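Visitor: Input query31.txt, format and content: compact mmCIF, C-alpha atoms.
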# COMPACT_ATOMS: atom_id res chain seq x y z
CA MET H 738 -59.82 -43.95 -34.01
CA PHE H 739 -59.05 -44.17 -37.72
CA SER H 740 -60.59 -46.86 -39.73
CA LEU H 741 -58.63 -49.17 -42.02
CA LYS H 742 -60.28 -47.56 -45.01
CA THR H 743 -59.21 -44.13 -43.97
CA LEU H 744 -55.58 -45.28 -43.49
CA SER H 745 -55.50 -46.94 -46.88
CA ASN H 746 -56.72 -43.71 -48.44
CA ARG H 747 -53.84 -41.73 -46.87
CA MET H 748 -50.93 -44.10 -47.77
CA PRO H 749 -50.49 -42.94 -51.40
CA SER H 750 -49.94 -39.42 -50.15
CA VAL H 751 -47.06 -40.51 -47.86
CA ALA H 752 -45.39 -42.42 -50.67
CA SER H 753 -45.69 -39.41 -52.89
CA LEU H 754 -44.03 -37.23 -50.30
CA ALA H 755 -41.16 -39.69 -49.91
CA LEU H 756 -40.63 -39.78 -53.63
CA VAL H 757 -40.60 -35.99 -53.89
CA GLY H 758 -38.06 -35.81 -51.04
CA ALA H 759 -35.80 -38.33 -52.72
CA ILE H 760 -35.90 -36.40 -55.97
CA GLY H 761 -35.06 -33.16 -54.12
CA ILE H 762 -32.08 -34.74 -52.37
CA GLY H 763 -30.80 -36.08 -55.70
CA LEU H 764 -31.08 -32.69 -57.35
CA SER H 765 -29.29 -31.05 -54.44
CA ALA H 766 -26.43 -33.59 -54.66
CA CYS H 767 -26.06 -32.92 -58.40
CA SER H 768 -25.90 -29.19 -57.76
CA GLU H 769 -23.19 -29.65 -55.16
CA GLU H 770 -21.22 -31.96 -57.49
CA LYS H 771 -21.42 -29.37 -60.25
CA ALA H 772 -20.22 -26.71 -57.84
CA GLU H 773 -17.31 -28.90 -56.79
CA VAL H 774 -16.05 -29.52 -60.34
CA LYS H 775 -16.31 -25.89 -61.39
CA GLU H 776 -13.05 -24.98 -63.20
CA VAL H 777 -10.68 -22.62 -61.36
CA ILE H 778 -9.01 -19.94 -63.53
CA ARG H 779 -6.21 -18.11 -61.71
CA PRO H 780 -4.93 -14.71 -62.92
CA VAL H 781 -1.14 -14.57 -63.31
CA LYS H 782 1.56 -12.03 -63.98
CA VAL H 783 3.99 -13.10 -66.70
CA VAL H 784 7.21 -11.96 -68.33
CA GLU H 785 8.15 -12.60 -71.94
CA ILE H 786 11.63 -13.88 -72.70
CA ALA H 787 13.45 -11.75 -75.24
CA LYS H 788 16.36 -12.80 -77.43
CA ALA H 789 19.61 -13.28 -75.52
CA ASP H 790 22.19 -10.55 -76.08
CA ASP H 791 25.31 -11.35 -78.08
CA THR H 792 27.29 -8.90 -75.94
CA ARG H 793 27.60 -8.16 -72.26
CA LYS H 794 28.78 -5.10 -70.40
CA LEU H 795 31.65 -4.82 -67.94
CA ASP H 796 31.53 -1.95 -65.45
CA TYR H 797 34.48 -0.91 -63.29
CA SER H 798 34.88 2.17 -61.15
CA GLY H 799 38.02 4.24 -60.83
CA SER H 800 39.26 7.79 -60.33
CA VAL H 801 40.47 10.48 -62.70
CA LYS H 802 44.23 10.98 -62.70
CA ALA H 803 46.70 13.02 -64.71
CA ARG H 804 48.50 11.01 -67.34
CA THR H 805 51.79 12.21 -65.86
CA GLU H 806 52.30 12.65 -62.12
CA MET H 807 55.73 13.72 -60.90
CA ASN H 808 56.98 12.81 -57.43
CA LEU H 809 59.50 15.60 -56.94
CA GLY H 810 62.37 15.31 -54.47
CA PHE H 811 65.62 17.12 -53.68
CA ARG H 812 68.77 16.03 -55.48
CA VAL H 813 70.69 16.48 -52.25
CA ALA H 814 70.03 15.40 -48.68
CA GLY H 815 69.20 17.89 -45.97
CA LYS H 816 66.76 19.38 -43.49
CA ILE H 817 63.73 21.10 -45.00
CA THR H 818 63.68 24.77 -43.99
CA GLU H 819 60.85 26.06 -46.23
CA ARG H 820 57.77 24.72 -47.99
CA LEU H 821 56.28 27.28 -50.35
CA VAL H 822 53.26 25.42 -51.82
CA ASP H 823 50.12 23.71 -50.56
CA ILE H 824 47.89 21.03 -52.05
CA GLY H 825 45.85 22.47 -54.90
CA ASP H 826 48.33 25.22 -55.80
CA ARG H 827 49.15 25.66 -59.47
CA VAL H 828 52.83 25.76 -60.40
CA THR H 829 54.81 26.79 -63.48
CA PRO H 830 58.35 25.85 -64.59
CA GLY H 831 60.95 27.39 -62.28
CA ASP H 832 58.65 27.93 -59.28
CA VAL H 833 60.40 27.09 -55.99
CA LEU H 834 58.40 24.49 -54.08
CA ALA H 835 60.64 23.90 -51.04
CA ARG H 836 64.17 24.44 -49.71
CA VAL H 837 66.62 22.51 -47.55
CA ASP H 838 69.41 23.93 -45.36
CA ALA H 839 72.20 24.99 -47.75
CA THR H 840 74.87 25.89 -45.15
CA ASP H 841 77.08 22.85 -45.68
CA TYR H 842 76.85 23.15 -49.45
CA GLN H 843 77.74 26.84 -49.35
CA LEU H 844 80.82 25.98 -47.27
CA ALA H 845 81.73 23.40 -49.87
CA VAL H 846 81.61 26.14 -52.49
CA LYS H 847 84.03 28.28 -50.49
CA THR H 848 86.37 25.31 -50.14
CA ALA H 849 86.21 24.67 -53.88
CA GLU H 850 86.92 28.35 -54.58
CA ALA H 851 89.99 28.25 -52.33
CA ASN H 852 91.22 25.09 -54.02
CA LEU H 853 90.77 26.73 -57.42
CA ALA H 854 92.75 29.78 -56.30
CA ALA H 855 95.57 27.54 -55.08
CA ALA H 856 95.51 25.65 -58.37
CA ASP H 857 95.77 28.93 -60.27
CA ARG H 858 98.85 29.88 -58.24
CA GLY H 859 100.29 26.47 -58.97
CA VAL H 860 99.81 26.97 -62.69
CA GLU H 861 101.53 30.36 -62.51
CA THR H 862 104.48 28.87 -60.62
CA ALA H 863 104.80 25.97 -63.02
CA ASP H 864 104.60 28.34 -65.96
CA LEU H 865 107.48 30.45 -64.62
CA ALA H 866 109.56 27.33 -63.96
CA ASN H 867 108.87 26.07 -67.45
CA LYS H 868 109.90 29.35 -69.07
CA ARG H 869 113.07 29.50 -66.96
CA ALA H 870 113.98 25.94 -68.01
CA GLU H 871 113.50 26.86 -71.67
CA GLN H 872 115.86 29.85 -71.32
CA LEU H 873 118.56 27.82 -69.60
CA PHE H 874 118.24 25.05 -72.19
CA ASP H 875 118.56 27.57 -75.03
CA LYS H 876 121.81 28.86 -73.46
CA SER H 877 123.01 25.28 -73.04
CA VAL H 878 123.19 25.79 -69.32
CA ALA H 879 120.51 23.22 -68.33
CA PRO H 880 120.09 19.73 -69.72
CA LYS H 881 117.10 18.73 -71.80
CA SER H 882 115.79 16.48 -69.03
CA GLN H 883 115.30 19.51 -66.77
CA LEU H 884 113.33 21.20 -69.54
CA GLU H 885 111.10 18.16 -69.98
CA GLN H 886 110.50 17.91 -66.22
CA ALA H 887 109.47 21.57 -66.07
CA ALA H 888 107.04 21.07 -68.98
CA LEU H 889 105.45 18.09 -67.26
CA SER H 890 105.06 20.01 -64.00
CA HIS H 891 103.37 22.81 -65.91
CA ASP H 892 100.90 20.42 -67.57
CA GLN H 893 100.16 18.79 -64.20
CA ALA H 894 99.42 22.19 -62.63
CA ILE H 895 96.98 22.98 -65.43
CA SER H 896 95.18 19.66 -64.90
CA GLN H 897 94.89 20.33 -61.17
CA ARG H 898 93.41 23.73 -61.91
CA ASP H 899 90.84 22.19 -64.27
CA ALA H 900 89.89 19.68 -61.57
CA ALA H 901 89.51 22.46 -59.01
CA LEU H 902 87.31 24.39 -61.45
CA SER H 903 85.07 21.35 -61.98
CA ALA H 904 84.83 20.82 -58.22
CA LEU H 905 83.73 24.44 -57.82
CA ASP H 906 81.02 24.03 -60.47
CA GLN H 907 79.83 20.86 -58.76
CA ALA H 908 79.69 22.58 -55.37
CA LYS H 909 77.68 25.43 -56.87
CA ASN H 910 75.26 22.89 -58.39
CA GLN H 911 74.82 21.31 -54.98
CA VAL H 912 73.79 24.70 -53.61
CA SER H 913 71.24 25.15 -56.42
CA TYR H 914 69.86 21.67 -55.69
CA THR H 915 68.85 22.82 -52.21
CA GLU H 916 65.86 24.46 -53.93
CA LEU H 917 63.13 22.13 -55.21
CA LYS H 918 61.69 23.63 -58.40
CA ALA H 919 58.79 22.71 -60.68
CA GLY H 920 59.69 21.54 -64.15
CA GLN H 921 56.27 21.75 -65.86
CA ASN H 922 52.88 23.39 -65.52
CA GLY H 923 50.64 21.47 -63.15
CA ILE H 924 48.85 21.30 -59.83
CA VAL H 925 50.13 20.09 -56.47
CA THR H 926 48.26 16.95 -55.47
CA SER H 927 50.13 15.83 -52.35
CA ILE H 928 52.79 16.88 -49.82
CA ASN H 929 55.00 14.06 -48.55
CA ALA H 930 57.41 15.97 -46.29
CA ASP H 931 57.28 19.18 -44.27
CA ILE H 932 59.46 21.78 -42.58
CA GLY H 933 61.96 20.34 -40.11
CA GLN H 934 62.04 16.89 -41.69
CA VAL H 935 65.38 15.52 -42.84
CA VAL H 936 65.04 13.93 -46.27
CA GLY H 937 67.44 11.94 -48.37
CA SER H 938 68.38 12.55 -51.95
CA GLY H 939 65.48 11.62 -54.22
CA SER H 940 62.91 11.16 -51.43
CA PRO H 941 59.44 12.32 -52.66
CA VAL H 942 58.50 15.67 -51.16
CA VAL H 943 55.85 17.15 -53.48
CA THR H 944 53.65 15.43 -56.09
CA VAL H 945 52.62 17.50 -59.11
CA ALA H 946 49.99 16.40 -61.63
CA VAL H 947 51.11 17.73 -64.99
CA ASP H 948 48.57 19.67 -67.05
CA GLY H 949 47.35 17.88 -70.14
CA GLU H 950 45.65 14.58 -70.86
CA LYS H 951 43.61 12.98 -68.08
CA GLU H 952 43.02 9.30 -67.53
CA VAL H 953 40.90 6.94 -65.45
CA GLN H 954 42.64 4.12 -63.64
CA ILE H 955 40.59 1.00 -62.89
CA ALA H 956 41.37 -2.38 -61.36
CA VAL H 957 40.28 -5.35 -63.50
CA PRO H 958 40.22 -8.96 -62.19
CA GLU H 959 42.13 -11.61 -64.06
CA ASN H 960 39.01 -13.28 -65.49
CA ASP H 961 38.16 -10.12 -67.49
CA ILE H 962 41.60 -8.64 -68.20
CA ALA H 963 41.74 -10.36 -71.60
CA GLU H 964 38.84 -8.13 -72.71
CA PHE H 965 40.91 -4.96 -72.21
CA LYS H 966 43.46 -4.39 -74.95
CA PRO H 967 45.29 -1.12 -75.72
CA GLY H 968 43.19 0.88 -78.19
CA LYS H 969 39.83 -0.60 -77.14
CA THR H 970 37.04 2.01 -77.09
CA VAL H 971 35.05 2.28 -73.86
CA LYS H 972 32.50 4.63 -72.29
CA ALA H 973 33.34 6.81 -69.30
CA SER H 974 30.58 8.20 -67.08
CA PHE H 975 30.98 10.30 -63.96
CA TRP H 976 29.22 10.17 -60.63
CA ALA H 977 29.28 13.97 -60.29
CA ASP H 978 27.36 14.55 -63.55
CA ASP H 979 25.07 11.91 -65.06
CA ARG H 980 24.95 13.83 -68.34
CA LEU H 981 28.72 13.72 -68.78
CA VAL H 982 29.58 10.62 -70.85
CA LEU H 983 32.84 10.50 -72.83
CA ASP H 984 34.43 8.06 -75.24
CA GLY H 985 37.71 6.77 -73.88
CA LYS H 986 40.42 4.40 -75.07
CA VAL H 987 42.43 1.86 -73.18
CA ARG H 988 45.99 3.21 -73.21
CA GLU H 989 47.87 0.95 -70.85
CA VAL H 990 47.37 -2.47 -69.27
CA SER H 991 49.56 -3.60 -66.41
CA GLY H 992 51.80 -6.52 -67.25
CA SER H 993 51.32 -8.20 -63.87
CA ALA H 994 48.65 -8.41 -61.18
CA ASP H 995 48.86 -6.55 -57.90
CA GLN H 996 50.32 -8.76 -55.20
CA GLN H 997 47.52 -8.07 -52.71
CA SER H 998 44.36 -7.43 -54.73
CA ARG H 999 45.30 -9.76 -57.61
CA THR H 1000 43.85 -7.25 -60.08
CA PHE H 1001 45.41 -5.59 -63.10
CA ALA H 1002 45.73 -1.80 -63.37
CA VAL H 1003 44.20 -0.44 -66.58
CA ARG H 1004 44.51 3.21 -67.61
CA VAL H 1005 41.91 4.71 -69.94
CA SER H 1006 42.71 7.98 -71.71
CA LEU H 1007 39.98 10.64 -71.92
CA PRO H 1008 39.41 13.49 -74.38
CA ASN H 1009 40.14 16.98 -73.12
CA ASP H 1010 37.05 18.25 -71.31
CA PRO H 1011 37.11 21.06 -68.73
CA ARG H 1012 34.28 19.38 -66.79
CA VAL H 1013 36.53 16.44 -65.92
CA LEU H 1014 38.50 17.22 -62.76
CA LEU H 1015 41.28 15.31 -61.06
CA GLY H 1016 40.04 12.88 -58.43
CA MET H 1017 36.48 12.57 -59.81
CA THR H 1018 34.85 9.14 -59.56
CA ALA H 1019 34.35 7.57 -62.98
CA THR H 1020 32.79 4.35 -64.25
CA ILE H 1021 34.29 2.63 -67.27
CA GLU H 1022 31.83 0.55 -69.32
CA ALA H 1023 33.09 -1.88 -71.94
CA ASP H 1024 31.10 -4.07 -74.34
CA VAL H 1025 32.51 -7.57 -74.77
CA ASN H 1026 31.42 -10.69 -76.63
CA ASN H 1027 28.98 -12.83 -74.68
CA ASP H 1028 30.33 -16.34 -75.13
CA ASN H 1029 27.79 -17.78 -72.67
CA SER H 1030 24.42 -16.47 -73.81
CA TYR H 1031 21.80 -16.25 -71.12
CA VAL H 1032 18.41 -14.73 -70.41
CA SER H 1033 17.27 -13.12 -67.19
CA ILE H 1034 14.12 -13.79 -65.21
CA PRO H 1035 12.89 -12.27 -61.94
CA LEU H 1036 13.86 -14.12 -58.79
CA THR H 1037 10.16 -14.55 -58.00
CA ALA H 1038 9.75 -16.64 -61.16
CA LEU H 1039 12.17 -19.30 -59.94
CA ALA H 1040 10.59 -22.44 -58.48
CA GLU H 1041 11.83 -25.84 -57.32
CA LYS H 1042 10.43 -29.33 -57.82
CA ASP H 1043 12.00 -32.63 -56.80
CA GLY H 1044 15.24 -30.79 -56.00
CA LYS H 1045 15.45 -29.27 -59.47
CA GLN H 1046 15.18 -25.60 -60.39
CA MET H 1047 12.29 -24.85 -62.72
CA VAL H 1048 9.85 -22.24 -63.95
CA TRP H 1049 6.18 -22.30 -64.92
CA THR H 1050 5.58 -21.40 -68.57
CA VAL H 1051 2.23 -20.41 -70.04
CA ASP H 1052 0.86 -21.93 -73.25
CA ARG H 1053 -0.60 -19.01 -75.22
CA ASP H 1054 -3.15 -21.17 -77.08
CA THR H 1055 -4.62 -23.10 -74.16
CA ALA H 1056 -3.85 -20.57 -71.40
CA THR H 1057 -2.46 -23.35 -69.19
CA VAL H 1058 0.78 -23.55 -67.25
CA HIS H 1059 3.45 -26.23 -67.55
CA GLY H 1060 6.57 -26.84 -65.50
CA ARG H 1061 9.94 -26.64 -67.26
CA ASP H 1062 13.39 -27.46 -65.89
CA ILE H 1063 16.06 -24.78 -66.34
CA LYS H 1064 19.77 -24.34 -65.75
CA VAL H 1065 20.74 -21.31 -63.64
CA ALA H 1066 24.07 -19.59 -64.30
CA ASP H 1067 24.12 -17.15 -61.41
CA PHE H 1068 22.12 -14.74 -59.31
CA THR H 1069 22.39 -10.96 -59.74
CA GLY H 1070 20.76 -7.89 -58.30
CA ASP H 1071 18.41 -7.81 -61.31
CA GLY H 1072 17.27 -11.43 -61.09
CA VAL H 1073 18.46 -14.84 -62.24
CA HIS H 1074 20.60 -15.66 -65.28
CA VAL H 1075 19.34 -18.76 -67.10
CA THR H 1076 21.51 -20.53 -69.69
CA GLU H 1077 19.26 -23.46 -70.64
CA GLY H 1078 15.55 -24.24 -70.71
CA LEU H 1079 14.06 -20.98 -72.01
CA ASP H 1080 13.70 -19.65 -75.54
CA SER H 1081 12.85 -16.30 -77.01
CA GLY H 1082 9.10 -15.61 -76.79
CA ASP H 1083 8.38 -17.93 -73.87
CA LEU H 1084 5.93 -16.64 -71.27
CA VAL H 1085 7.05 -17.28 -67.71
CA VAL H 1086 4.93 -16.88 -64.59
CA ALA H 1087 6.61 -14.07 -62.68
CA ALA H 1088 4.82 -14.35 -59.33
CA GLY H 1089 2.75 -16.79 -57.32
CA THR H 1090 4.60 -19.91 -58.44
CA GLN H 1091 3.57 -21.69 -55.22
CA PHE H 1092 -0.03 -21.72 -56.47
CA MET H 1093 0.78 -23.26 -59.86
CA SER H 1094 0.15 -26.86 -60.90
CA GLU H 1095 0.49 -28.76 -64.16
CA ASN H 1096 -2.19 -27.79 -66.75
CA LEU H 1097 -3.69 -25.20 -64.43
CA LYS H 1098 -5.93 -22.79 -66.32
CA VAL H 1099 -4.79 -19.19 -65.96
CA LYS H 1100 -5.95 -15.78 -67.02
CA MET H 1101 -3.40 -13.82 -69.04
CA PRO H 1102 -2.74 -10.15 -68.28
CA GLU H 1103 -4.43 -9.02 -71.50
CA GLN H 1104 -7.51 -10.96 -70.39
CA GLN H 1105 -7.64 -9.15 -67.07
CA SER H 1106 -9.01 -5.71 -66.38
CA ALA H 1107 -7.39 -2.62 -67.82
CA SER H 1108 -5.87 -1.86 -64.45
CA ALA H 1109 -3.89 -5.11 -64.38
CA ASP H 1110 -0.17 -5.08 -65.06
CA THR H 1111 0.93 -5.46 -68.67
CA ASP H 1112 3.41 -8.01 -69.95
CA GLN H 1113 7.06 -7.24 -69.35
CA THR H 1114 10.06 -8.13 -71.45
CA VAL H 1115 13.35 -9.08 -69.85
CA ARG H 1116 16.75 -10.14 -71.05
Can you turn what I pasted into structure tokens?
Guide:
Amino acid sequence: MFSLKTLSNRMPSVASLALVGAIGIGLSACSEEKAEVKEVIRPVKVVEIAKADDTRKLDYSGSVKARTEMNLGFRVAGKITERLVDIGDRVTPGDVLARVDATDYQLAVKTAEANLAAADRGVETADLANKRAEQLFDKSVAPKSQLEQAALSHDQAISQRDAALSALDQAKNQVSYTELKAGQNGIVTSINADIGQVVGSGSPVVTVAVDGEKEVQIAVPENDIAEFKPGKTVKASFWADDRLVLDGKVREVSGSADQQSRTFAVRVSLPNDPRVLLGMTATIEADVNNDNSYVSIPLTALAEKDGKQMVWTVDRDTATVHGRDIKVADFTGDGVHVTEGLDSGDLVVAAGTQFMSENLKVKMPEQQSASADTDQTVR
């Protein structure tokens, strides 16, 4: 059993222990508080806004065509009996491309020849009658009226012979028209009728692309057609050869839009180059004034706050982020076009916008390790 004296001697030691414990707890709480208020610095990837371009590019695809394409057809109607060319064949002036049945036209020639022979006999008869009337008139046997009538009959017979001769020439022409011939050097690009088909006069049978200047035909919507004027210089590139880029000029602009597509046909002339073949796919690129200047940012940089579109910009001096409202023009495959809210030289957070907050301290790419991504510049 402890004595009162012994207990009184031990009490200071207990108080000391309590005091030491209280001090330890206080120090621990301060350490935890310091740990809680430790500043968070988040690494970010940024893009730098470059100066907006004063021009923009318009790209339209089309195909290479000959400047002149002839849809050839017979000048007479008939049944096709021969087709002498195929697609891809080269033709020269005078080459026979196809024929129609000429039987009826040959019979017409024979009829015209017979009519001409009869007209010749008529002229001979009228000539004899005229001479006989002149003799009788000179001998005062026949009146002058008979002489005049004989002269008129002679002139009429001559006119009938001339008409018969013209009819014969026309019939012969009809026979020659039963052969479809090429008029210029070129290449056959399509066949529209074949053997056994009955075609009318002028119906397209063979299409020939004439050798010479080549063009690219593109379809331009009405909102951009004002940018294409005859004589405008453009660039032509070709899907078949990335290295083939030619300077072209707008030669022709359609005066009205297509009824179905509501686009305007524009033909761009190309310089003579043997590497350019008919039917190749070409892209026409034109530089036009950019009335609505804009800059582009990645889609991942776009954020939203209180229903408004915004981005997070980085202050270079304080390395903190700040929200900024922007005005978006449109969305493209390359990103977002912004017309208002960003200036040249601004740094925009390109990824991780959901982790950003006002005045958040961030670590710039140049402050990160050498393996980190470098700044990018976009337009």
Visitor: Residues at most 12 Å from Ala963 of chain H, counting all atoms listed in the file, excluding those fewer than 5 positions away in the same chain, as a list in words?
Guide: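 Result of the neighbour search: Val957, Pro958, Lys969, Val990, Ser991, Gly992, Phe1001, Val1003, Val1025 and Asn1026 of chain H.
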Visitor: Could you tell me how far atom CA of Val1058 of chain H lies from atom CA of His1074 of chain H, in Å and to one decimal?
Guide: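 Computed distance, atom CA of Val1058 of chain H to atom CA of His1074 of chain H, equals 21.4 Å.
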Visitor: List every protein, DNA or RNA residue that has an atom no more than 10 Å from (57.8, 28.9, -54.5) in the file's coordinate frame, counting only C-alpha atoms, and report them as a PyMOL selection string.
Guide: chain H and resi 819-822+828-829+831-836+916-919
Visitor: So what do you get for atom CA of Thr805 of chain H versus atom CA of Gly825 of chain H, distance-wise?
Guide: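 A separation of 16.1 Å between them.
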Visitor: Using only C-alpha atoms, pick whichever of H:Asp1054, H:Glu785, H:Asp823, H:Glu806 has the shortest atom-to-atom distance to Glu952 of chain H.
Guide: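 Closest to Glu952 of chain H, using only C-alpha atoms: H:Glu806.
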Visitor: Residues at most 12 Å from Gly985 of chain H, counting only C-alpha atoms, excluding those fewer than 6 positions away in the same chain, as a list in words?
Guide: Glu950, Lys951, Glu952, Val953, Gln954, Pro967, Gly968, Lys969, Thr970, Val971, Lys972, Ala973, Ser974, Arg1004, Val1005, Ser1006, Leu1007, Pro1008, Asn1009, Asp1010, Ala1019, Thr1020, Ile1021, Glu1022 and Ala1023 of chain H
Visitor: Keeping only C-alpha atoms, write the selected residues to a file as an mmCIF file, keeping the file's coordinate frame.
Guide:
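Okay, again-v4.cif is ready:
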data_model
loop_
_atom_site.group_PDB
_atom_site.id
_atom_site.type_symbol
_atom_site.label_atom_id
_atom_site.label_comp_id
_atom_site.auth_asym_id
_atom_site.auth_seq_id
_atom_site.Cartn_x
_atom_site.Cartn_y
_atom_site.Cartn_z
ATOM 1 C CA GLU H 950 45.650 14.580 -70.860
ATOM 2 C CA LYS H 951 43.610 12.980 -68.080
ATOM 3 C CA GLU H 952 43.020 9.300 -67.530
ATOM 4 C CA VAL H 953 40.900 6.940 -65.450
ATOM 5 C CA GLN H 954 42.640 4.120 -63.640
ATOM 6 C CA PRO H 967 45.290 -1.120 -75.720
ATOM 7 C CA GLY H 968 43.190 0.880 -78.190
ATOM 8 C CA LYS H 969 39.830 -0.600 -77.140
ATOM 9 C CA THR H 970 37.040 2.010 -77.090
ATOM 10 C CA VAL H 971 35.050 2.280 -73.860
ATOM 11 C CA LYS H 972 32.500 4.630 -72.290
ATOM 12 C CA ALA H 973 33.340 6.810 -69.300
ATOM 13 C CA SER H 974 30.580 8.200 -67.080
ATOM 14 C CA ARG H 1004 44.510 3.210 -67.610
ATOM 15 C CA VAL H 1005 41.910 4.710 -69.940
ATOM 16 C CA SER H 1006 42.710 7.980 -71.710
ATOM 17 C CA LEU H 1007 39.980 10.640 -71.920
ATOM 18 C CA PRO H 1008 39.410 13.490 -74.380
ATOM 19 C CA ASN H 1009 40.140 16.980 -73.120
ATOM 20 C CA ASP H 1010 37.050 18.250 -71.310
ATOM 21 C CA ALA H 1019 34.350 7.570 -62.980
ATOM 22 C CA THR H 1020 32.790 4.350 -64.250
ATOM 23 C CA ILE H 1021 34.290 2.630 -67.270
ATOM 24 C CA GLU H 1022 31.830 0.550 -69.320
ATOM 25 C CA ALA H 1023 33.090 -1.880 -71.940
#
Visitor: To one decimal place, how far is atom CA of Ala1087 of chain H from atom CA of Trp1049 of chain H in Å?
Guide: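 Straight-line distance from atom CA of Ala1087 of chain H to atom CA of Trp1049 of chain H works out to 8.5 Å.
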Visitor: Compare H:Arg858, H:Lys816, H:Lys1098, H:Arg988 by their minimum atom-to-atom distance to His1059 of chain H, counting all atoms listed in the file, and give me the closest one.
Guide: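 Of H:Arg858, H:Lys816, H:Lys1098, H:Arg988, the one nearest His1059 of chain H, counting all atoms listed in the file, is H:Lys1098.
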